[in-house]
>>> print(open('upload_21.cif').read())   # mmCIF, C-alpha atoms and all ligand atoms
data_my_file
loop_
_atom_site.label_atom_id
_atom_site.label_comp_id
_atom_site.auth_asym_id
_atom_site.auth_seq_id
_atom_site.Cartn_x
_atom_site.Cartn_y
_atom_site.Cartn_z
CA MET A 1 60.73 95.02 136.87
CA LYS A 2 62.59 94.65 140.15
CA LEU A 3 66.29 93.89 140.17
CA VAL A 4 65.81 90.50 141.76
CA SER A 5 63.39 89.33 139.07
CA LYS A 6 65.59 90.67 136.30
CA GLU A 7 68.54 88.72 137.70
CA ASN A 8 66.35 85.66 138.02
CA VAL A 9 65.16 85.82 134.41
CA ILE A 10 68.67 86.27 133.01
CA GLY A 11 69.91 83.51 135.33
CA GLU A 12 67.20 81.19 134.04
CA ILE A 13 68.09 81.99 130.44
CA ASN A 14 71.76 81.30 131.14
CA SER A 15 70.94 77.93 132.71
CA GLU A 16 68.65 76.98 129.85
CA VAL A 17 71.21 77.89 127.18
CA VAL A 18 74.00 75.75 128.62
CA ALA A 19 71.66 72.72 128.70
CA CYS A 20 69.76 73.49 125.47
CA MET A 21 69.31 70.82 122.81
CA LYS A 22 66.61 72.58 120.76
CA CYS A 23 68.58 72.72 117.52
CA GLY A 24 71.41 70.84 115.85
CA LEU A 25 74.06 73.31 116.97
CA CYS A 26 74.09 71.59 120.37
CA LYS A 27 75.81 68.55 118.85
CA ASN A 28 79.27 70.03 118.32
CA ARG A 29 79.48 72.69 120.99
CA GLU A 30 81.75 72.62 124.01
CA ASN A 31 79.74 75.34 125.77
CA GLY A 32 76.62 77.33 125.11
CA VAL A 33 77.37 81.06 125.25
CA PRO A 34 74.37 82.93 126.69
CA GLY A 35 75.82 86.43 127.06
CA ASP A 36 77.82 88.59 129.42
CA GLY A 37 77.84 92.05 130.97
CA ASP A 38 75.66 94.45 132.93
CA ILE A 39 72.01 93.37 132.83
CA CYS A 40 70.97 96.89 133.88
CA THR A 41 72.75 98.58 130.99
CA ARG A 42 71.12 100.75 128.36
CA ILE A 43 73.40 99.44 125.61
CA MET A 44 73.27 95.90 124.22
CA PHE A 45 75.52 94.43 121.51
CA ILE A 46 74.36 91.47 119.45
CA GLY A 47 76.84 89.51 117.38
CA GLU A 48 76.20 86.48 115.19
CA ALA A 49 77.43 83.30 116.87
CA PRO A 50 80.20 82.07 119.17
CA GLY A 51 83.54 81.24 117.56
CA ARG A 52 86.13 78.74 118.71
CA GLN A 53 87.43 80.71 121.70
CA GLU A 54 83.92 81.63 122.80
CA ASP A 55 82.85 77.98 122.53
CA LEU A 56 85.78 76.93 124.71
CA SER A 57 85.28 79.64 127.33
CA GLY A 58 81.49 80.00 127.36
CA ARG A 59 81.84 83.79 127.06
CA PRO A 60 81.06 86.00 124.04
CA PHE A 61 83.71 87.95 122.11
CA VAL A 62 86.82 86.68 123.88
CA GLY A 63 88.89 85.88 120.77
CA ALA A 64 90.62 88.22 118.35
CA ALA A 65 87.33 89.86 117.33
CA GLY A 66 86.63 90.41 121.01
CA LYS A 67 89.90 92.31 121.42
CA ASN A 68 88.83 94.54 118.53
CA LEU A 69 85.48 95.09 120.21
CA ASP A 70 87.20 96.00 123.50
CA GLY A 71 89.29 98.61 121.68
CA LEU A 72 86.25 100.10 119.96
CA LEU A 73 84.34 100.26 123.25
CA HIS A 74 87.22 102.01 124.98
CA SER A 75 87.54 104.50 122.12
CA VAL A 76 84.11 105.91 123.00
CA GLY A 77 84.41 105.66 126.79
CA LEU A 78 82.67 102.30 127.17
CA SER A 79 83.83 98.89 128.38
CA ARG A 80 82.32 95.43 128.28
CA GLU A 81 81.46 95.68 131.99
CA LYS A 82 79.17 98.63 131.18
CA VAL A 83 77.27 96.96 128.33
CA TYR A 84 75.63 93.60 127.65
CA ILE A 85 77.01 91.42 124.87
CA THR A 86 75.38 88.39 123.30
CA ASN A 87 74.80 86.67 119.94
CA ILE A 88 71.74 85.75 117.92
CA VAL A 89 72.60 82.05 118.26
CA LYS A 90 74.20 80.79 121.44
CA CYS A 91 76.14 77.77 120.16
CA ARG A 92 79.04 77.65 117.72
CA PRO A 93 78.15 76.54 114.19
CA PRO A 94 80.64 73.86 113.01
CA GLY A 95 83.60 75.38 111.19
CA ASN A 96 82.22 78.86 111.93
CA ARG A 97 79.68 78.48 109.13
CA ASP A 98 76.75 80.91 109.00
CA PRO A 99 73.84 79.91 111.23
CA SER A 100 70.83 78.72 109.21
CA LYS A 101 67.50 80.55 109.16
CA GLU A 102 65.96 77.72 111.16
CA GLU A 103 68.71 77.83 113.81
CA ILE A 104 68.34 81.60 114.11
CA ALA A 105 64.56 81.38 114.39
CA THR A 106 64.70 78.65 117.04
CA CYS A 107 67.41 80.21 119.18
CA THR A 108 66.20 83.82 119.06
CA GLY A 109 62.64 82.75 119.84
CA LEU A 110 63.86 80.94 122.93
CA TYR A 111 66.52 83.30 124.24
CA LEU A 112 67.39 86.58 122.49
CA LYS A 113 63.78 87.76 122.58
CA ARG A 114 63.65 87.26 126.36
CA GLN A 115 67.06 88.86 126.84
CA ILE A 116 65.95 92.01 125.01
CA GLN A 117 62.59 92.12 126.83
CA THR A 118 64.31 91.68 130.19
CA ILE A 119 67.31 93.98 129.79
CA ARG A 120 65.26 96.56 127.82
CA PRO A 121 68.24 98.43 126.34
CA LYS A 122 67.93 101.89 124.86
CA PHE A 123 70.50 101.06 122.17
CA LEU A 124 70.83 97.82 120.25
CA VAL A 125 74.05 97.54 118.28
CA MET A 126 73.92 94.74 115.72
CA LEU A 127 77.39 93.45 114.90
CA GLY A 128 77.40 91.79 111.50
CA ARG A 129 74.99 90.97 108.71
CA HIS A 130 72.96 88.21 110.32
CA SER A 131 72.35 90.19 113.47
CA ALA A 132 71.36 93.33 111.53
CA ILE A 133 69.06 91.45 109.16
CA TYR A 134 67.37 89.61 112.01
CA ILE A 135 66.74 92.61 114.28
CA LEU A 136 65.56 94.89 111.45
CA SER A 137 63.26 92.13 110.17
CA GLN A 138 61.48 92.27 113.54
CA ALA A 139 60.47 95.80 112.58
CA GLY A 140 59.43 94.76 109.07
CA ILE A 141 62.56 96.31 107.54
CA LYS A 142 64.08 94.11 104.84
CA VAL A 143 67.77 94.52 104.07
CA GLN A 144 70.06 92.36 101.97
CA GLY A 145 73.36 93.14 103.64
CA ILE A 146 75.10 95.58 105.90
CA THR A 147 77.31 97.63 103.57
CA ALA A 148 74.58 100.13 102.66
CA ILE A 149 73.12 100.51 106.15
CA HIS A 150 75.97 100.37 108.67
CA GLY A 151 76.07 103.37 111.00
CA ARG A 152 72.41 104.31 110.43
CA VAL A 153 70.14 104.77 113.42
CA TYR A 154 66.77 102.99 113.31
CA LYS A 155 64.10 103.79 115.87
CA ILE A 156 62.27 100.47 116.11
CA HIS A 157 60.40 98.28 118.62
CA PRO A 158 61.72 94.72 118.38
CA PHE A 159 59.65 92.52 120.71
CA ASN A 160 57.79 95.66 121.87
CA VAL A 161 60.94 97.22 123.30
CA PRO A 162 61.64 100.74 121.93
CA VAL A 163 65.28 100.97 120.89
CA MET A 164 67.68 102.91 118.74
CA ALA A 165 69.16 100.15 116.59
CA ILE A 166 72.51 100.68 114.89
CA PRO A 167 73.87 98.05 112.47
CA MET A 168 77.64 97.79 112.21
CA PHE A 169 80.16 95.49 110.59
CA HIS A 170 81.32 92.58 112.74
CA PRO A 171 84.62 93.41 114.53
CA ALA A 172 86.11 90.24 113.01
CA ALA A 173 86.06 92.05 109.65
CA MET A 174 88.92 94.25 110.95
CA LEU A 175 91.12 91.15 111.04
CA TYR A 176 90.89 90.72 107.28
CA ASN A 177 90.73 94.25 105.92
CA PRO A 178 91.84 97.45 107.68
CA LYS A 179 89.18 99.54 105.95
CA TYR A 180 86.61 97.99 108.26
CA LYS A 181 88.43 99.49 111.25
CA THR A 182 87.65 102.94 109.85
CA PHE A 183 84.00 102.01 109.24
CA LEU A 184 83.64 100.62 112.76
CA GLU A 185 85.35 103.61 114.39
CA ARG A 186 82.98 105.97 112.55
CA ASP A 187 79.96 103.89 113.53
CA PHE A 188 81.02 103.84 117.19
CA ASP A 189 81.26 107.64 116.96
CA VAL A 190 77.64 107.61 115.76
CA LEU A 191 76.73 105.57 118.85
CA LYS A 192 78.64 107.99 121.08
CA SER A 193 76.92 111.06 119.63
CA GLU A 194 73.47 109.43 119.93
CA ILE A 195 74.19 108.60 123.58
CA LYS A 196 75.29 112.18 124.15
CA LYS A 197 71.95 113.47 122.86
CA LEU A 198 70.14 111.44 125.52
CA THR A 199 72.47 112.11 128.43
CA HIS A 200 70.97 114.83 130.60
CA PRO A 201 73.40 117.73 131.10
CA ASP A 202 72.69 117.69 134.85
CA SER A 203 73.45 113.99 135.18
CA HIS A 204 76.79 112.71 136.37
CA GLY A 205 77.75 111.67 132.87
CA LEU A 206 77.87 108.48 130.92
CA ASP A 207 78.43 106.10 133.82
CA THR A 208 75.32 107.34 135.63
CA TRP A 209 73.19 107.22 132.51
CA ILE A 210 74.28 103.88 131.16
CA HIS A 211 73.53 101.78 134.25
CA ARG A 212 69.76 101.98 134.55
CA SER A 213 68.62 102.33 138.14
CA TYR A 214 65.06 101.34 138.89
CA SER A 215 64.06 104.82 139.99
CA ARG A 216 64.73 106.19 136.49
CA LYS A 217 63.22 105.47 133.13
S1 LIG B 301 71.95 77.43 119.21
FE1 LIG B 301 70.35 78.07 120.62
S2 LIG B 301 68.57 76.75 120.16
FE2 LIG B 301 70.39 75.78 119.26
S3 LIG B 301 71.11 74.36 120.85
FE3 LIG B 301 72.25 76.29 121.11
S4 LIG B 301 71.07 77.44 122.63
FE4 LIG B 301 69.73 75.81 121.85
#
>>> encode(input="upload_21.cif", output="structure tokens")
Amino acid sequence: MKLVSKENVIGEINSEVVACMKCGLCKNRENGVPGDGDICTRIMFIGEAPGRQEDLSGRPFVGAAGKNLDGLLHSVGLSREKVYITNIVKCRPPGNRDPSKEEIATCTGLYLKRQIQTIRPKFLVMLGRHSAIYILSQAGIKVQGITAIHGRVYKIHPFNVPVMAIPMFHPAAMLYNPKYKTFLERDFDVLKSEIKKLTHPDSHGLDTWIHRSYSRK
């Protein structure tokens, strides 16, 4: 896929999300939140849904949980400019309730599926239970929650895109209980070591590997 068409597809998705009225979550939103970051990256993060700050700004992970995510990214040599960040549903559920199965099915079928097929990341990091359950279900893997599976690496093909999928707790969990900071730091170390296995020793390091140029696979 050429760069121009990739930009066009993501641009179309962004425009569609901000005008979308395909499920009831459109009623209370201030802004749809399509996603943000490098569309040529090999690493994509998928959270659950926008919160209050994200709804106001139209950008994902800009509130307190976003600050936690920034810190975790930096701890393994990444930054949000080097990755792509989105959510399974693009509009804020009222009162930050969980998105319903129907809302998830509608929104992912319209947008997340196309985002994954267009960006074609090598790593999918699922932040939180809903994101993990949804992505693993695309590979026929049924899980009840995230406690038993966080930090595992799944080689799966959601939407026919081969990825290494790593479920993690949502960074918001760190706000309520410090033990989740330890879990998340360990799981980001798993991500870092998996990236290291794929980074060619003759390459110019992480920055060269992470931004996919169109001459490389
Ligand atoms: S959550 Fe998704 S499907 Fe529902 S209105 Fe927002 S963008 Fe559309």
>>> axis_aligned_box(input="upload_21.cif", around="ligand LIG 301 (chain B)", padding_each_side="8 Å", output="lines of an AutoDock Vina configuration file")
center_x = 70.4
center_y = 76.2
center_z = 120.9
size_x = 19.7
size_y = 19.7
size_z = 19.4
>>> closest_atom_pairs(input="upload_21.cif", of="chain A", to="ligand LIG 301 (chain B)", cutoff="8 Å", atoms="all atoms listed in the file", output="CSV")
residue,atom,partner,partner_atom,distance
A:Glu16,CA,B:LIG301,S4,7.6
A:Val17,CA,B:LIG301,S4,4.6
A:Val18,CA,B:LIG301,S4,6.9
A:Ala19,CA,B:LIG301,S4,7.7
A:Cys20,CA,B:LIG301,FE4,4.3
A:Met21,CA,B:LIG301,S3,4.4
A:Lys22,CA,B:LIG301,FE4,4.6
A:Cys23,CA,B:LIG301,FE2,4.0
A:Gly24,CA,B:LIG301,FE2,6.1
A:Leu25,CA,B:LIG301,FE2,5.0
A:Cys26,CA,B:LIG301,S3,4.1
A:Lys27,CA,B:LIG301,S3,7.7
A:Gly32,CA,B:LIG301,FE3,6.0
A:Val33,CA,B:LIG301,S4,7.7
A:Pro34,CA,B:LIG301,S4,7.6
A:Val89,CA,B:LIG301,S1,4.8
A:Lys90,CA,B:LIG301,S1,4.6
A:Cys91,CA,B:LIG301,FE3,4.3
A:Arg92,CA,B:LIG301,S1,7.2
A:Glu103,CA,B:LIG301,FE2,6.1
A:Ile104,CA,B:LIG301,S1,7.5
A:Thr106,CA,B:LIG301,S2,5.3
A:Cys107,CA,B:LIG301,S2,3.8
A:Thr108,CA,B:LIG301,FE1,7.3
A:Leu110,CA,B:LIG301,S2,6.9
A:Tyr111,CA,B:LIG301,FE1,7.4
>>> atom_distance(input="upload_21.cif", atom1="atom CA of Arg152 of chain A", atom2="atom CA of Lys122 of chain A")
15.3 Å
>>> atom_distance(input="upload_21.cif", atom1="atom CA of Gly47 of chain A", atom2="atom CA of Ser5 of chain A")
25.5 Å
>>> closest_atom_pairs(input="upload_21.cif", of="segment 60-104 of chain A", to="segment 175-181 of chain A", cutoff="10 Å", atoms="all atoms listed in the file", output="CSV")
residue,atom,partner,partner_atom,distance
A:Ala64,CA,A:Leu175,CA,7.9
A:Ala65,CA,A:Leu175,CA,7.5
A:Asn68,CA,A:Leu175,CA,8.5
A:Leu72,CA,A:Lys181,CA,9.0
>>> atom_distance(input="upload_21.cif", atom1="atom CA of Lys192 of chain A", atom2="atom CA of Val76 of chain A")
6.2 Å
>>> residues_around(input="upload_21.cif", residues="Pro50 of chain A", least_positions_apart="6", cutoff="12 Å", atoms="all atoms listed in the file", output="MDAnalysis selection string")
chainID A and resid 25 29:35 56:63 65:66 85:99 172
>>> residues_around(input="upload_21.cif", residues="Tyr134 of chain A", least_positions_apart="5", cutoff="10 Å", atoms="all atoms listed in the file", output="VMD selection string")
chain A and resid 48 88 101 104 to 105 108 126 129 139 to 143 158
>>> closest_residue(input="upload_21.cif", among="A:Pro167, A:Leu127, A:Glu7, A:Arg42", to="Thr199 of chain A", atoms="all atoms listed in the file")
A:Arg42
>>> residues_near_point(input="upload_21.cif", point="(87.3, 106.4, 119.1)", cutoff="12 Å", atoms="all atoms listed in the file", output="PyMOL selection string")
chain A and resi 68-78+181-193
>>> residues_near_point(input="upload_21.cif", point="(63.1, 102.1, 114.2)", cutoff="12 Å", atoms="only C-alpha atoms", output="ChimeraX atom specification")
/A:122-124,135-141,152-158,160-167
>>> closest_residue(input="upload_21.cif", among="A:Arg52, A:Lys67, A:Lys113, A:Lys82", to="Arg212 of chain A", atoms="all atoms listed in the file")
A:Lys82
>>> closest_residue(input="upload_21.cif", among="A:Pro171, A:Gln115, A:Phe159, A:Thr41", to="Trp209 of chain A", atoms="all atoms listed in the file")
A:Thr41
